[in-house]
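Raw contents of input33.cif, mmCIF, C-alpha atoms:
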```
data_query
loop_
_atom_site.label_atom_id
_atom_site.label_comp_id
_atom_site.auth_asym_id
_atom_site.auth_seq_id
_atom_site.Cartn_x
_atom_site.Cartn_y
_atom_site.Cartn_z
CA MET A 254 -24.96 15.26 11.98
CA ASN A 255 -26.56 11.87 12.66
CA HIS A 256 -23.96 9.21 13.36
CA GLU A 257 -26.38 6.43 14.26
CA ILE A 258 -25.65 3.19 12.47
CA GLU A 259 -28.16 0.44 11.80
CA ASP A 260 -26.65 -2.72 13.30
CA LYS A 261 -26.61 -5.76 11.03
CA ASN A 262 -25.07 -9.08 12.02
CA GLY A 263 -22.13 -10.09 9.90
CA VAL A 264 -19.21 -12.48 9.81
CA LEU A 265 -15.54 -12.38 8.82
CA ILE A 266 -14.49 -15.71 7.31
CA LEU A 267 -10.87 -16.79 6.82
CA GLU A 268 -9.69 -19.73 4.73
CA HIS A 269 -6.71 -21.82 5.85
CA PRO A 270 -4.14 -21.64 3.00
CA GLN A 271 -3.29 -25.36 3.08
CA THR A 272 -6.27 -27.29 4.47
CA LYS A 273 -8.89 -24.89 2.96
CA LYS A 274 -10.85 -25.16 6.20
CA ILE A 275 -12.66 -21.96 7.17
CA LYS A 276 -12.83 -20.08 10.46
CA SER A 277 -15.56 -17.58 11.27
CA PHE A 278 -15.53 -14.43 13.40
CA PRO A 279 -19.02 -13.02 14.06
CA GLY A 280 -19.42 -9.26 14.23
CA VAL A 281 -21.55 -6.31 13.16
CA LEU A 282 -21.51 -4.90 9.64
CA PHE A 283 -21.03 -1.21 8.86
CA GLY A 284 -20.01 0.82 5.83
CA ALA A 285 -21.16 -0.43 2.44
CA GLU A 286 -23.64 -3.29 2.29
CA THR A 287 -22.12 -6.65 1.50
CA SER A 288 -23.46 -9.91 0.08
CA SER A 289 -22.22 -12.99 -1.73
CA ASP A 290 -23.84 -11.77 -4.97
CA LYS A 291 -22.03 -8.41 -4.79
CA THR A 292 -18.72 -10.15 -4.14
CA LEU A 293 -19.00 -12.39 -7.19
CA LYS A 294 -20.22 -9.51 -9.35
CA SER A 295 -17.22 -7.41 -8.34
CA GLN A 296 -14.83 -10.18 -9.38
CA LYS A 297 -16.44 -10.37 -12.82
CA GLN A 298 -15.88 -6.60 -13.11
CA ASN A 299 -12.23 -7.01 -12.06
CA GLU A 300 -12.86 -5.26 -8.76
CA ASP A 301 -12.22 -6.31 -5.16
CA TYR A 302 -15.19 -6.15 -2.82
CA ALA A 303 -15.58 -7.93 0.54
CA PHE A 304 -13.04 -10.55 -0.60
CA GLY A 305 -9.28 -10.27 -0.46
CA GLU A 306 -6.01 -11.08 1.22
CA MET A 307 -6.36 -10.72 4.99
CA ILE A 308 -3.66 -8.42 6.38
CA PHE A 309 -3.18 -6.44 9.60
CA ASN A 310 -1.90 -2.93 10.22
CA THR A 311 -0.42 -1.85 13.57
CA SER A 312 -0.82 1.92 13.09
CA LEU A 313 -2.50 3.71 15.97
CA SER A 314 -4.00 6.38 13.71
CA GLY A 315 -4.14 7.37 10.04
CA TYR A 316 -6.89 4.98 8.99
CA GLN A 317 -8.06 7.38 6.25
CA GLU A 318 -4.60 7.48 4.63
CA ILE A 319 -4.48 3.68 4.87
CA LEU A 320 -7.90 3.22 3.28
CA THR A 321 -6.99 5.49 0.35
CA ASP A 322 -3.51 4.04 -0.25
CA PRO A 323 -3.60 2.12 -3.58
CA SER A 324 -1.04 -0.33 -2.17
CA TYR A 325 -3.92 -1.98 -0.27
CA CYS A 326 -5.71 -2.94 -3.48
CA GLY A 327 -7.28 -6.39 -3.11
CA GLN A 328 -6.75 -6.60 0.66
CA ILE A 329 -9.01 -6.71 3.71
CA ILE A 330 -7.37 -4.55 6.38
CA CYS A 331 -7.52 -5.50 10.05
CA MET A 332 -6.58 -2.58 12.31
CA THR A 333 -4.92 -3.77 15.52
CA ASN A 334 -5.67 -0.53 17.37
CA PRO A 335 -8.89 -1.40 19.25
CA GLN A 336 -10.87 1.78 18.50
CA ILE A 337 -11.08 3.26 15.01
CA GLY A 338 -13.01 6.26 13.71
CA ASN A 339 -12.40 8.69 16.57
CA THR A 340 -11.29 11.59 14.34
CA GLY A 341 -13.70 10.98 11.46
CA VAL A 342 -12.51 11.72 7.91
CA ASN A 343 -11.73 14.86 5.91
CA LEU A 344 -10.78 15.84 2.37
CA GLU A 345 -7.19 16.80 3.23
CA ASP A 346 -5.97 13.36 4.33
CA MET A 347 -6.83 11.47 1.13
CA GLU A 348 -3.83 9.67 -0.38
CA SER A 349 -5.71 9.08 -3.65
CA SER A 350 -9.07 10.02 -5.07
CA LYS A 351 -10.76 6.79 -3.91
CA THR A 352 -10.35 3.66 -1.83
CA TYR A 353 -8.83 0.45 -3.19
CA CYS A 354 -9.03 -2.00 -0.29
CA ALA A 355 -11.61 -4.79 -0.26
CA GLY A 356 -12.81 -4.32 3.31
CA LEU A 357 -12.07 -3.07 6.83
CA VAL A 358 -12.03 -5.13 10.04
CA ILE A 359 -11.99 -3.39 13.45
CA HIS A 360 -12.77 -4.10 17.09
CA GLU A 361 -14.73 -0.97 18.03
CA LEU A 362 -16.13 1.81 15.86
CA SER A 363 -16.37 5.33 17.24
CA ARG A 364 -19.89 6.43 16.35
CA MET A 365 -19.28 10.13 17.07
CA PRO A 366 -16.02 11.47 15.63
CA SER A 367 -14.48 14.43 17.42
CA ASN A 368 -11.92 16.51 15.52
CA TRP A 369 -11.98 20.08 14.22
CA ARG A 370 -10.98 18.87 10.72
CA SER A 371 -13.64 16.14 10.52
CA THR A 372 -16.27 16.48 7.83
CA SER A 373 -17.79 12.99 7.96
CA SER A 374 -17.84 9.75 9.95
CA LEU A 375 -15.87 6.65 8.99
CA ASP A 376 -19.12 4.75 8.47
CA SER A 377 -20.39 7.36 6.00
CA PHE A 378 -17.02 7.42 4.24
CA LEU A 379 -17.05 3.64 3.70
CA LYS A 380 -20.60 3.80 2.38
CA GLU A 381 -19.64 6.59 -0.03
CA HIS A 382 -16.61 4.68 -1.31
CA ASN A 383 -18.32 1.26 -1.45
CA VAL A 384 -16.10 -0.44 1.17
CA PRO A 385 -17.73 -2.99 3.53
CA GLY A 386 -16.63 -3.02 7.14
CA ILE A 387 -17.17 -5.27 10.13
CA LYS A 388 -16.77 -4.30 13.78
CA GLY A 389 -16.90 -6.19 17.08
CA ILE A 390 -14.18 -8.54 15.84
CA ASP A 391 -11.49 -9.98 18.13
CA THR A 392 -8.74 -8.34 16.07
CA ARG A 393 -6.00 -9.81 18.29
CA THR A 394 -7.06 -13.33 17.33
CA VAL A 395 -7.34 -12.39 13.64
CA THR A 396 -3.82 -10.93 13.78
CA ARG A 397 -2.47 -14.11 15.40
CA GLU A 398 -4.12 -16.19 12.68
CA VAL A 399 -2.34 -14.17 9.96
CA ARG A 400 0.99 -14.21 11.81
CA THR A 401 0.76 -17.99 12.31
CA LEU A 402 -0.63 -19.13 8.96
CA GLY A 403 0.57 -16.40 6.59
CA ALA A 404 -1.49 -15.10 3.67
CA LEU A 405 -5.18 -15.93 4.12
CA ARG A 406 -8.13 -15.36 1.86
CA GLY A 407 -10.91 -13.52 3.66
CA LEU A 408 -14.60 -12.71 3.18
CA ILE A 409 -16.98 -10.26 4.85
CA LEU A 410 -20.60 -11.44 4.61
CA PRO A 411 -23.97 -11.03 6.31
CA LEU A 412 -24.29 -13.65 9.04
CA ASN A 413 -27.20 -15.36 7.26
CA GLN A 414 -24.90 -16.05 4.26
CA GLU A 415 -22.12 -17.72 6.26
CA ASP A 416 -23.06 -21.14 4.87
CA GLN A 417 -22.15 -19.93 1.35
CA ALA A 418 -18.51 -19.27 2.23
CA GLU A 419 -16.99 -22.56 1.01
CA LYS A 420 -18.82 -22.30 -2.31
CA LEU A 421 -17.70 -18.68 -2.67
CA PHE A 422 -14.05 -19.42 -1.94
CA ALA A 423 -14.12 -22.13 -4.62
CA GLN A 424 -15.22 -19.55 -7.22
CA LEU A 425 -12.91 -16.71 -6.13
CA PRO A 426 -9.33 -16.30 -7.42
CA GLN A 427 -6.03 -17.04 -5.70
CA PHE A 428 -3.57 -14.20 -5.07
CA ASP A 429 -0.43 -15.56 -6.72
CA GLY A 430 0.71 -13.81 -9.89
CA ARG A 431 -1.96 -11.08 -9.91
CA ASP A 432 -0.85 -7.85 -11.59
CA LEU A 433 -2.53 -5.36 -9.27
CA ILE A 434 -0.39 -2.46 -10.50
CA ALA A 435 -2.39 -2.38 -13.74
CA LYS A 436 -5.57 -1.82 -11.70
CA VAL A 437 -4.33 1.30 -9.88
CA THR A 438 -1.91 3.13 -12.20
CA THR A 439 -2.90 6.25 -14.11
CA LYS A 440 -4.22 5.62 -17.62
CA LYS A 441 -2.36 8.52 -19.24
CA PRO A 442 0.47 10.95 -18.41
CA TYR A 443 -0.28 14.20 -16.61
CA LEU A 444 1.55 17.15 -15.07
CA TRP A 445 1.14 17.45 -11.31
CA ASN A 446 -0.58 20.70 -10.36
CA LYS A 447 2.04 22.76 -8.59
CA LYS A 448 1.09 23.73 -5.01
CA SER A 449 4.46 24.83 -3.68
CA THR A 450 5.63 28.42 -3.99
CA LYS A 451 9.26 27.31 -4.14
CA PRO A 452 11.04 27.55 -7.50
CA THR A 453 11.48 24.28 -9.38
CA LYS A 454 15.01 23.00 -9.84
CA HIS A 455 14.50 19.55 -11.30
CA LYS A 456 12.19 17.86 -13.79
CA VAL A 457 11.17 14.43 -12.51
CA VAL A 458 9.16 11.72 -14.22
CA VAL A 459 7.14 9.72 -11.69
CA ILE A 460 6.30 6.16 -12.80
CA ASP A 461 2.97 5.41 -11.14
CA PHE A 462 2.69 1.91 -9.69
CA GLY A 463 -0.08 3.08 -7.34
CA LEU A 464 1.23 6.35 -5.92
CA LYS A 465 0.31 8.14 -2.72
CA LEU A 466 -0.25 11.87 -3.05
CA ASN A 467 2.09 12.79 -0.23
CA LEU A 468 4.99 11.37 -2.26
CA LEU A 469 4.28 14.07 -4.82
CA ASN A 470 4.08 16.70 -2.09
CA CYS A 471 7.46 15.64 -0.71
CA LEU A 472 9.09 15.70 -4.15
CA GLU A 473 7.58 19.09 -4.86
CA ALA A 474 8.92 20.38 -1.53
CA VAL A 475 12.52 19.75 -2.70
CA GLY A 476 11.99 21.66 -5.94
CA CYS A 477 10.74 19.01 -8.37
CA GLU A 478 8.43 19.61 -11.32
CA LEU A 479 6.51 16.36 -11.71
CA THR A 480 5.17 14.48 -14.71
CA ILE A 481 3.33 11.29 -13.81
CA VAL A 482 3.26 8.44 -16.34
CA PRO A 483 1.56 5.01 -16.34
CA ALA A 484 3.36 1.92 -15.09
CA SER A 485 3.26 0.58 -18.66
CA ALA A 486 5.26 3.53 -20.06
CA SER A 487 8.35 2.51 -22.04
CA ALA A 488 11.83 3.84 -21.36
CA SER A 489 11.65 5.99 -24.49
CA GLU A 490 8.33 7.48 -23.35
CA VAL A 491 9.84 8.31 -19.94
CA LEU A 492 12.93 9.92 -21.48
CA SER A 493 10.84 11.89 -23.99
CA HIS A 494 9.88 14.20 -21.10
CA LYS A 495 13.60 15.09 -20.71
CA PRO A 496 13.70 14.45 -16.95
CA ASP A 497 16.55 15.19 -14.56
CA GLY A 498 15.51 12.18 -12.50
CA ILE A 499 13.04 9.29 -12.31
CA PHE A 500 10.93 8.37 -9.30
CA LEU A 501 9.40 4.89 -8.82
CA THR A 502 6.33 4.90 -6.57
CA ASN A 503 4.71 2.48 -4.18
CA GLY A 504 2.08 0.05 -5.40
CA PRO A 505 0.19 -3.19 -4.67
CA GLY A 506 0.79 -6.87 -5.23
CA ASP A 507 3.59 -9.05 -6.54
CA PRO A 508 6.38 -7.09 -8.30
CA SER A 509 7.27 -10.10 -10.47
CA ALA A 510 3.75 -9.92 -11.96
CA ALA A 511 4.71 -6.67 -13.72
CA PRO A 512 7.64 -7.65 -15.99
CA TYR A 513 6.91 -4.70 -18.30
CA ALA A 514 7.80 -2.31 -15.46
CA VAL A 515 10.99 -4.23 -14.67
CA GLU A 516 12.10 -4.04 -18.32
CA THR A 517 11.45 -0.29 -18.44
CA VAL A 518 13.51 0.39 -15.32
CA LYS A 519 16.28 -1.89 -16.59
CA SER A 520 16.51 0.25 -19.73
CA LEU A 521 16.54 3.47 -17.66
CA LEU A 522 19.36 2.42 -15.30
CA GLY A 523 22.40 4.62 -15.73
CA GLN A 524 20.62 7.16 -17.91
CA LYS A 525 19.10 9.30 -15.13
CA PRO A 526 19.17 9.27 -11.31
CA ILE A 527 16.51 6.91 -9.94
CA PHE A 528 14.80 6.84 -6.54
CA GLY A 529 12.33 4.07 -5.68
CA VAL A 530 9.95 3.61 -2.75
CA CYS A 531 8.19 0.38 -1.67
CA MET A 532 7.03 -1.26 -4.95
CA GLY A 533 9.53 1.03 -6.70
CA HIS A 534 12.26 -0.50 -4.52
CA GLN A 535 11.23 -4.00 -5.54
CA ILE A 536 10.94 -3.15 -9.25
CA LEU A 537 14.40 -1.52 -9.17
CA SER A 538 15.87 -4.57 -7.42
CA LEU A 539 14.38 -6.94 -10.00
CA ALA A 540 15.73 -4.74 -12.79
CA LEU A 541 19.20 -5.07 -11.24
CA GLY A 542 18.96 -8.87 -11.23
CA ALA A 543 17.89 -9.51 -7.63
CA LYS A 544 14.97 -11.73 -6.59
CA THR A 545 11.91 -11.04 -4.47
CA TYR A 546 9.95 -13.35 -2.19
CA LYS A 547 6.55 -13.21 -0.52
CA MET A 548 6.79 -12.59 3.21
CA LYS A 549 4.75 -14.69 5.61
CA PHE A 550 2.64 -11.76 6.79
CA GLY A 551 4.49 -8.63 5.67
CA HIS A 552 5.15 -5.29 7.36
CA ARG A 553 2.22 -2.90 7.72
CA GLY A 554 2.31 -0.17 10.31
CA ALA A 555 3.81 3.16 11.27
CA ASN A 556 6.28 1.99 13.90
CA GLN A 557 8.91 -0.17 12.17
CA PRO A 558 12.55 0.42 13.23
CA VAL A 559 14.97 0.67 10.31
CA LYS A 560 18.75 1.14 10.49
CA ASP A 561 20.41 3.46 7.98
CA HIS A 562 23.82 1.86 7.44
CA GLU A 563 25.34 5.02 6.01
CA THR A 564 24.59 7.23 9.02
CA GLY A 565 24.21 4.56 11.71
CA ARG A 566 20.87 6.09 12.73
CA VAL A 567 17.84 4.04 13.66
CA GLU A 568 14.69 5.56 12.18
CA VAL A 569 11.08 4.72 12.96
CA SER A 570 9.30 4.31 9.65
CA SER A 571 5.97 3.62 7.98
CA HIS A 572 5.65 0.27 6.16
CA ASN A 573 3.18 -1.39 3.85
CA HIS A 574 4.56 -4.36 1.92
CA GLY A 575 4.10 -8.10 1.62
CA PHE A 576 7.20 -8.82 -0.51
CA ALA A 577 10.90 -8.35 0.20
CA ILE A 578 14.28 -8.65 -1.52
CA ASP A 579 16.34 -11.83 -1.14
CA PRO A 580 19.71 -10.50 0.10
CA SER A 581 21.59 -13.53 -1.27
CA SER A 582 20.43 -12.60 -4.79
CA LEU A 583 21.82 -9.06 -4.77
CA PRO A 584 24.56 -8.54 -7.39
CA GLY A 585 27.97 -7.19 -6.39
CA ASN A 586 27.30 -3.59 -7.44
CA ILE A 587 24.52 -3.22 -4.86
CA VAL A 588 25.02 -2.13 -1.26
CA ILE A 589 22.34 -2.73 1.38
CA GLY A 590 21.57 0.75 2.69
CA HIS A 591 18.81 0.00 5.21
CA THR A 592 17.80 -3.02 7.31
CA CYS A 593 14.68 -3.70 9.36
CA LEU A 594 15.70 -4.31 12.98
CA ASN A 595 12.67 -6.51 13.69
CA ASP A 596 13.54 -9.29 11.24
CA GLN A 597 16.66 -8.14 9.34
CA THR A 598 14.88 -7.86 5.99
CA VAL A 599 16.45 -5.61 3.35
CA GLU A 600 14.87 -2.15 3.60
CA GLY A 601 17.01 -0.17 1.18
CA ILE A 602 19.69 -0.49 -1.49
CA SER A 603 22.17 1.74 -3.30
CA VAL A 604 23.71 1.00 -6.69
CA LEU A 605 27.44 1.73 -6.68
CA ASP A 606 28.05 2.28 -10.39
CA LYS A 607 24.75 4.04 -11.20
CA LYS A 608 22.89 6.93 -9.63
CA ALA A 609 20.10 4.82 -8.17
CA PHE A 610 18.80 3.98 -4.71
CA SER A 611 15.58 2.80 -3.12
CA VAL A 612 13.88 2.04 0.19
CA GLN A 613 11.22 -0.51 1.08
CA PHE A 614 9.51 1.77 3.59
CA HIS A 615 7.60 5.07 3.18
CA PRO A 616 9.70 8.19 3.88
CA GLU A 617 6.65 10.35 3.10
CA ALA A 618 4.76 8.69 6.00
CA SER A 619 1.00 9.44 5.76
CA PRO A 620 0.48 7.97 8.23
CA GLY A 621 3.61 7.70 10.32
CA PRO A 622 6.78 9.49 11.43
CA HIS A 623 8.99 11.69 9.25
CA ASP A 624 12.36 10.35 10.40
CA SER A 625 13.38 9.50 6.82
CA ILE A 626 12.11 12.62 5.04
CA GLY A 627 15.73 13.54 4.20
CA LEU A 628 15.78 10.87 1.47
CA PHE A 629 13.98 13.32 -0.81
CA ASP A 630 16.84 15.81 -0.31
CA ARG A 631 19.27 13.02 -1.16
CA PHE A 632 17.44 12.46 -4.46
CA ALA A 633 17.47 16.18 -5.23
CA LYS A 634 21.22 16.39 -4.56
CA MET A 635 21.80 13.36 -6.78
CA MET A 636 20.05 15.16 -9.64
CA GLY A 637 21.96 18.37 -8.89
#
```

Please go through the file and, once you have read it, give me the structure as structure tokens.
Amino acid sequence: MNHEIEDKNGVLILEHPQTKKIKSFPGVLFGAETSSDKTLKSQKQNEDYAFGEMIFNTSLSGYQEILTDPSYCGQIICMTNPQIGNTGVNLEDMESSKTYCAGLVIHELSRMPSNWRSTSSLDSFLKEHNVPGIKGIDTRTVTREVRTLGALRGLILPLNQEDQAEKLFAQLPQFDGRDLIAKVTTKKPYLWNKKSTKPTKHKVVVIDFGLKLNLLNCLEAVGCELTIVPASASASEVLSHKPDGIFLTNGPGDPSAAPYAVETVKSLLGQKPIFGVCMGHQILSLALGAKTYKMKFGHRGANQPVKDHETGRVEVSSHNHGFAIDPSSLPGNIVIGHTCLNDQTVEGISVLDKKAFSVQFHPEASPGPHDSIGLFDRFAKMMG
């Protein structure tokens, strides 16, 4: 297999959120070809390509799961681990059928992957899935920029188009109020193809806000038969499947930009046990009357310490979110079940008078540790 990559000079450009001044980071392009024309064309087609919210992820591995996680829709991902691509890619580690991110920023690309499961290189994978990448970037400085300034708009361009950046930013959209869930949810209901040999005990309707496939695997492992429905499904449509429980998945963007989902969950509260993860946690909280806020730079990585207040355990968990719940807005029937030990943000809630709970992090990992995998058992017991 030929892993040689034709080097092309490129540039990552970040826009200051207040002053609108731009800062450039020269590098080398890889993956899908990028240009200013392609970026503008993608926006007209309601797609995200080489332009998006600049975020960073501190995971040491699992770049394929990250690239195929729909929660990264509309974002340019900067990996803080200095070398990416060592293990190539394979068909088994896909978290969805395609990629949703707008671009990938790394320091060093491994040109020759070495892993017995590898079927392709990262460069070839990005080309196949139309994702532009840029390497040779000082990712530490990019991470500090995001941590200092907060949400930044970013562009990946050929170096000879750097002078078009200001004009491009003026034509490209802001991030506030974008309903990204509608871009990643399934278009129609479907029954998940059963892979487990275990007998099913519970019928669960999964409301798809941008689900990861390993969530379905984890639910299936505790005996759930799964019907996946679109994020726009009404409460009556959900209940028409006669579920024993309802699962709210992860997903991208601002939860307040999807009021239809909030209204559906509000109507479902108290009717069936509900378990929410990530975006599902935020949607459930809004349905209960709480408020969300945009974090300065969010949590994205596979090493976040979370305290479970019920057991007293500290669990290392996988995170990917840019919004959080305002604890002062939580109504009296809600108990904070989990807290992030890095910044004390709310990481989980339980509803006292209804069979409902949620967590902000990813108990299914992919990538990350499995410290919190027992939450799926908790959901199964709640339905039982």

Can you translate the PyMOL selection byres ((chain A and resi 494-507) around 7) into the concrete residues it hits in this file, as a PyMOL selection string?
chain A and resi 323-326+430-434+455-464+491-493+508-510+525-533+636

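In terms of minimum interatomic distance to Gly637 (chain A), A:Lys454 ranks closest within A:Lys454, A:Asp606, A:Ile589, A:Thr564, counting only C-alpha atoms.
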
Find the residues around region 548-551 of chain A up to 7 Å (only C-alpha atoms counted), leave out those fewer than 4 positions away in its own chain, and share them as an MDAnalysis selection string.
chainID A and resid 399:400 403:404 574:577

Evaluate the PyMOL selection byres ((chain A and resi 338) around 7) against this structure - the residues, as JSON, numbers by chain, please.
{"A": [336, 337, 339, 340, 341, 362, 363, 366, 375]}

Given the PyMOL selection byres ((chain A and resi 332) around 7) and the file above, list the residues it selects as number ranges by chain.
A: 309-311, 330-331, 333-334, 358-359

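Among the candidates A:Glu617, A:Glu300, A:Glu563, A:Glu419, the residue lying nearest to Ala435 (chain A) is A:Glu300 (atoms considered: all atoms listed in the file).
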
What's around Thr287 (chain A) at 9 Å? Count all atoms listed in the file, leave out sequence neighbours fewer than 6 positions away in its own chain, and write the answer as JSON, numbers by chain.
{"A": [302, 303, 384, 385, 386, 409, 410, 411]}

Hey, can I get the axis-aligned box for region 312-318 of chain A? All listed atoms, 4 Å padding on each side, centre and edge lengths in Å to one decimal, as JSON.
```
{"center_x": -4.4, "center_y": 4.7, "center_z": 10.3, "size_x": 15.2, "size_y": 13.6, "size_z": 19.3}
```

Would you kindly identify which residues have an atom no farther than 12 Å from (-16.4, -6.1, -0.1), using all atoms listed in the file and the file's own coordinates, and write them out as an MDAnalysis selection string?
chainID A and resid 265 282:296 300:306 326:330 352:358 379:380 382:387 407:411

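When only C-alpha atoms are used to measure the gap to Arg397 (chain A), the shortest distance among A:Asn299, A:Ile308, A:Leu468, A:Pro279 belongs to A:Ile308.
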
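Among A:Thr396, A:Glu268, A:Gly621, A:Ala633, the residue with the shortest atom-to-atom distance to Thr453 (chain A), counting all atoms listed in the file, is A:Ala633.
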
Which protein, DNA or RNA residues have an atom at most 8 Å from (6.5, 0.1, 6.3), counting only C-alpha atoms? List them as a VMD selection string.
chain A and resid 552 to 557 570 to 574 613 to 615

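Counting all atoms listed in the file, the residue from A:Leu320, A:Leu539, A:Leu628, A:Val281 that sits nearest to Gly389 (chain A) is A:Val281.
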
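With all atoms listed in the file as the atoms that count, the residue of A:Asn343, A:Ile578, A:Lys436, A:Phe632 with the shortest distance to Ala511 (chain A) is A:Lys436.
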
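If you look at CA of Gln535 (chain A) and CA of Phe610 (chain A), they are 11.0 Å away from each other.
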
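Between CA of Ala484 (chain A) and CA of Val515 (chain A) the interatomic distance comes to 9.8 Å.
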